[in-house]
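Colleague: Right, I'll just put the structure down here and ask away after.
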Amino acid sequence: MTGIKKSVTSISSMRETIKLICFPAIFCCLVAVAAHSQSIPSLVGQWNTLKNKAGYQSMHSTVDMLNNLSTKYIYDNPDSGLYYSNIALALAQKQQYTAGQVRAMNNIGKGYYVRGSYDSSLVISDKALKLSETIQDSLDMGVAICNIGLVYLGHEEFEKAIKQFTKALAIETSIKDSLQMAKNLFDLGICYDETRDLPKAVDFLSAAIAIDPSTEDHHITAMAYNRLGKTEFHGKNYAKGIEYYQKVLNYHVYSDKWETSFACQGLAEIYYALGQYVSAVLYAKKAFEAAKDMNAKWDAEQALVILAKSQAAAGDFTNAYHYQVLDQIYKDSLYAEAKQQVENYFKLQAKEAANAALEKENKLIQEKVRLTLILNIIISAFAVTLIIAIVLLLRNYRAKLKLNSELVVKNESISRLNHMKDQLFSVVSHDLRGPMSSLEQTLQFVNENELTDEQQKFLLESLGKQLTVSNQMLNNLLTWAITQRKGIAAEIHKVEPDIILQEILAVFELIADKKNIGILYNGTDGVPLLADENQFRIIVQNLLNNAIKFTPKGGNISIYFTQIKNSVSIHIKDTGVGMTQEKQEKLFKSFGAAITSYGTAKEKGTGIGLMIVKEFVDQNNGILSVTSEVDKGTTFSVSFPLAE
């Protein structure tokens, strides 16, 4: 929180700063560039006309028009925005038009951010910042810094994000660019909302709304109303939150699919919290359709989560299961992109370490040169100063040893990260090869019509089982990779386990029925516990999935709670194959070949699910234990603190 305190020392001082920013900005922004007021069809028509004329590729105005067109598309159709900004970048590079290159790079960075490709956005935004510094382009320097702040915001590194947005705000204030100032105020509002400093969030978002009308852009107003709705939701002021979201949907001056999706998802969350599940389903569907149309996979996946929950809460388990399956498809797609981002992250870490080592080496060389010069002067003037020179050399030598030790530690850290990456990719490549090969062969047989109906049904059922297990494995791998990459901090609060168990069982009972496994659940009689709700859900899902996997057909699974003094324990007991003592000792410590075993229906696992369970139990101040006997079954027990 140090960065937050430094950036804004108090609410009152912040308001005075905002006043100083707003008034000159509103005055200076009355003059707008004509291209910004043009519509998308108008700009597309100009482009189609222009590209049929000779010499258009050598004109700076062509690059400027393509950049304007890209800006118009970013929040409605990021793929089209990226398409035109990449054309603009190629032409600007050919023309050696540096200002055009910088703006195209900044638009590409925004497009990647909207699509959720944060690391790609970071790389291109960093290049844009360095290039804008060479031509002293303050406007695009501020935009690039803002884009970098958005990447930190996407990675939930809020202190770093606040520093970037504050730096960008200072630059844009100095050149009196109202549009970028409004955007930076809005982004600071998001940061304070995410850190739950709600009064500051409201002040920054309100300041952004105050500036925005003078920019003739009006996008910031829509975004700020959306975020104010989210802020009021976090403060449980649901009526106020609904009011802000409805302002976005009724804001005819400006609208786009991204803001529509955000507002509808926000309304769905509020109505779900209020128990109005029919309204929650309605708005969640609208949010999903808007996000799907603009290929914003992350927003679409978030809308599907609340949609499935709302359908389940409304008792429509068929549609709940349908949307949960669709949500899994989006998760798989996001996983593929996240896998690439994980790889990029490791590369960035290695690059940063190499740059840091090079910088330290240069400093050491400069220090040596300085000390040598001083030493020569001293030796030529006074022999006695030789002693001082020796002392300086010793100090330099010790500093060098210290720096070398730090470099060794850094290199070891990089090696561990690379080893972790290799393990992860090894497990993924090994355990996905089988299901993918089966899928390819099955489709080939089906296409060639060489199978009887009975054979075809058998192969498709087997393939379905493999894909279900592979989905669970990918979810666990991704969750584990994120915990190892930046960590997941538990947000512990009062949790009603009955509600969560009913939602989980609504899905898992369908899976258990396929193996003819009975699930007996005894509720908690409303006894609450202290835990992170999402992590508690993941713990139960993994343990219940394991129980189903290792219980034969016709077996039983019992889920029940016990209470002792100040703790509540959940027990998941199965009549499955059990484990040897040797295997029990390896649980929660390793994954892959060392712990992998097949389920009773040949389901394949990696062991990462249990490692995630162990890590989340520890973060929630819980206690995890297991008792098992070969051929008699296994019982996993997890204890949580009792909520008062």
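Within each chain, counting starts at residue 1; across the structure tokens, chains are named A, B, ... in the order shown, with ligands numbered 1 upward in that order.
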Could you go through range 479-551 of chain A and tell me which residues DSSP, when run on the backbone, assigns to strand (DSSP E), listing them as a ChimeraX atom specification?

Modeller: /A:493-495,518-521,529-531

Colleague: Can you spit out the residues from that selection as a short mmCIF file (atom, residue, chain, number, x, y, z; two decimals), in the first residue's frame, using N, CA, C and O atoms?

Modeller:
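Generated file (out_8.cif):
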```cif
data_model
loop_
_atom_site.label_atom_id
_atom_site.label_comp_id
_atom_site.auth_asym_id
_atom_site.auth_seq_id
_atom_site.Cartn_x
_atom_site.Cartn_y
_atom_site.Cartn_z
N HIS A 493 -13.47 -15.01 4.34
CA HIS A 493 -14.66 -14.40 4.93
C HIS A 493 -15.66 -15.52 5.26
O HIS A 493 -15.39 -16.70 5.06
N LYS A 494 -16.80 -15.13 5.75
CA LYS A 494 -17.82 -16.10 6.16
C LYS A 494 -18.41 -16.81 4.94
O LYS A 494 -18.82 -16.16 3.99
N VAL A 495 -18.43 -18.14 4.96
CA VAL A 495 -18.89 -18.94 3.83
C VAL A 495 -19.99 -19.89 4.31
O VAL A 495 -19.86 -20.51 5.38
N GLY A 518 -23.49 -43.78 -6.12
CA GLY A 518 -24.41 -43.02 -5.31
C GLY A 518 -23.67 -42.02 -4.44
O GLY A 518 -22.62 -42.31 -3.89
N ILE A 519 -24.21 -40.78 -4.34
CA ILE A 519 -23.62 -39.74 -3.49
C ILE A 519 -24.61 -39.39 -2.39
O ILE A 519 -25.73 -38.94 -2.66
N LEU A 520 -24.19 -39.58 -1.14
CA LEU A 520 -25.02 -39.27 0.02
C LEU A 520 -24.45 -38.01 0.68
O LEU A 520 -23.29 -37.99 1.08
N TYR A 521 -25.26 -36.96 0.76
CA TYR A 521 -24.79 -35.70 1.32
C TYR A 521 -25.64 -35.31 2.52
O TYR A 521 -26.86 -35.22 2.44
N LEU A 529 -18.50 -21.36 7.97
CA LEU A 529 -17.08 -21.49 8.24
C LEU A 529 -16.33 -20.33 7.62
O LEU A 529 -16.88 -19.56 6.83
N LEU A 530 -15.05 -20.17 7.99
CA LEU A 530 -14.21 -19.09 7.47
C LEU A 530 -13.30 -19.63 6.39
O LEU A 530 -12.49 -20.52 6.65
N ALA A 531 -13.43 -19.10 5.17
CA ALA A 531 -12.59 -19.57 4.05
C ALA A 531 -12.75 -18.62 2.88
O ALA A 531 -13.64 -17.76 2.87
#
```

Colleague: Name all residues at most 8 Å from Gln101 in chain A (count only C-alpha atoms; drop same-chain ones fewer than 2 positions away) and give them as a VMD selection string.

Modeller: chain A and resid 88 to 89 92 to 93 97 to 99 103 to 105 128

Colleague: List every residue of range 129-236 of chain A that has an atom at most 12 Å from any atom of range 273-297 of chain A, giving for each one its closest atom pair and the distance in Å to one decimal, counting only C-alpha atoms, sorted by chain and then by ascending residue number, as a tab-separated table.

Modeller:
```
residue	atom	partner	partner_atom	distance
A:Phe233	CA	A:Ala273	CA	9.4
A:His234	CA	A:Ala273	CA	11.2
A:Lys236	CA	A:Ala273	CA	9.2
```

Colleague: Taking into account only C-alpha atoms, which residue in the set A:Leu91, A:Ala383, A:Leu375, A:Arg115 is nearest to Asp299 in chain A?

Modeller: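 The answer is A:Arg115, which sits nearest to Asp299 in chain A.
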
Colleague: For the atom pair CA of Ala312 in chain A and CA of Arg537 in chain A, what is the interatomic distance in Å to one decimal place?

Modeller: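 CA of Arg537 in chain A lies 15.4 Å from CA of Ala312 in chain A.
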
Colleague: Residues within 10 Å of Ser125 in chain A, please, as a VMD selection string. Count only C-alpha atoms; anything in the same chain fewer than 2 positions from it doesn't count.

Modeller: chain A and resid 102 105 to 110 119 to 123 127 to 131 141 143 to 149 151

Colleague: For the selection you just gave me, I'd like the residues written to a file as a PDB file, in the first residue's frame, keeping C-alpha atoms.

Modeller:
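The resulting file, selection-v4.pdb, is reproduced below:
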```pdb
ATOM      1  CA  VAL A 102       4.253   4.897 -31.956  1.00  0.00           C
ATOM      2  CA  MET A 105       1.968   0.329 -31.430  1.00  0.00           C
ATOM      3  CA  ASN A 106      -0.152   1.936 -28.710  1.00  0.00           C
ATOM      4  CA  ASN A 107      -3.347   0.896 -30.536  1.00  0.00           C
ATOM      5  CA  ILE A 108      -2.003  -2.666 -30.850  1.00  0.00           C
ATOM      6  CA  GLY A 109      -1.267  -2.648 -27.115  1.00  0.00           C
ATOM      7  CA  LYS A 110      -4.856  -1.549 -26.389  1.00  0.00           C
ATOM      8  CA  ASP A 119       1.867 -10.039 -21.905  1.00  0.00           C
ATOM      9  CA  SER A 120       1.649  -9.291 -25.647  1.00  0.00           C
ATOM     10  CA  SER A 121       0.258  -5.872 -24.723  1.00  0.00           C
ATOM     11  CA  LEU A 122       3.191  -5.298 -22.341  1.00  0.00           C
ATOM     12  CA  VAL A 123       5.820  -6.117 -24.983  1.00  0.00           C
ATOM     13  CA  LYS A 127       8.466  -0.697 -27.459  1.00  0.00           C
ATOM     14  CA  ALA A 128       6.059   2.202 -28.025  1.00  0.00           C
ATOM     15  CA  LEU A 129       7.299   3.941 -24.865  1.00  0.00           C
ATOM     16  CA  LYS A 130      10.974   3.670 -25.851  1.00  0.00           C
ATOM     17  CA  LEU A 131      10.254   4.900 -29.406  1.00  0.00           C
ATOM     18  CA  MET A 141       4.506   8.497 -23.975  1.00  0.00           C
ATOM     19  CA  VAL A 143      -0.575   6.497 -23.616  1.00  0.00           C
ATOM     20  CA  ALA A 144       2.184   3.849 -23.580  1.00  0.00           C
ATOM     21  CA  ILE A 145       2.717   4.271 -19.823  1.00  0.00           C
ATOM     22  CA  CYS A 146      -1.057   3.977 -19.331  1.00  0.00           C
ATOM     23  CA  ASN A 147      -1.108   0.746 -21.400  1.00  0.00           C
ATOM     24  CA  ILE A 148       1.703  -0.669 -19.230  1.00  0.00           C
ATOM     25  CA  GLY A 149      -0.327   0.271 -16.153  1.00  0.00           C
ATOM     26  CA  VAL A 151      -1.143  -4.746 -17.943  1.00  0.00           C
TER      27      VAL A 151
END
```

Colleague: Any idea what's packed within 12 Å of Gln180 in chain A, counting only C-alpha atoms, ignoring anything in its chain fewer than 2 positions away? Could you give it as a PyMOL selection string?

Modeller: chain A and resi 21-22+25+29+138-147+165-166+168-178+182-187+208+211-212+214-215+217+219-220

Colleague: Just the number, please: distance in Å from CA of Leu443 in chain A to CA of Lys457 in chain A, one decimal.

Modeller: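 Here the two named atoms are 12.3 Å from each other.
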
Colleague: What gap, in Å, lies between CA of Gly622 in chain A and CA of Leu587 in chain A?

Modeller: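 Interatomic distance, CA of Gly622 in chain A to CA of Leu587 in chain A: 16.8 Å.
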
Colleague: Please list as a ChimeraX atom specification every residue within 12 Å of Ile492 in chain A, counting only C-alpha atoms and excluding residues in the same chain fewer than 4 positions away.

Modeller: /A:529-536,616-617,619-622,640-643

Colleague: Near Gly526 in chain A, within 9 Å and counting only C-alpha atoms, which residues show up once chain neighbours fewer than 5 positions away are dropped, as a VMD selection string?

Modeller: chain A and resid 496 to 498

Colleague: Go ahead and write the residues just picked, N, CA and C atoms, as a tab-separated table (two decimals), in the first residue's frame.

Modeller:
```tsv
chain	number	residue	atom	x	y	z
A	496	GLU	N	-21.05	-20.00	3.51
A	496	GLU	CA	-22.12	-20.97	3.78
A	496	GLU	C	-21.85	-22.21	2.92
A	497	PRO	N	-21.26	-23.27	3.48
A	497	PRO	CA	-20.86	-24.41	2.65
A	497	PRO	C	-22.02	-25.15	2.00
A	498	ASP	N	-23.21	-25.10	2.62
A	498	ASP	CA	-24.36	-25.82	2.03
A	498	ASP	C	-24.67	-25.32	0.62
```

Colleague: Determine, counting only C-alpha atoms, which protein, DNA and RNA residues have an atom within 7 Å of an atom of Tyr245 in chain A; residues of the same chain fewer than 5 positions away are not included. Present the result as a ChimeraX atom specification.

Modeller: /A:225-226,229,263,267

Colleague: Nearest to Asp631 in chain A among A:Ile517, A:Met579, A:Ile379, A:Leu610, with distances taken over only C-alpha atoms: which residue is it?

Modeller: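 Using only C-alpha atoms, Asp631 in chain A sits closest to A:Met579.
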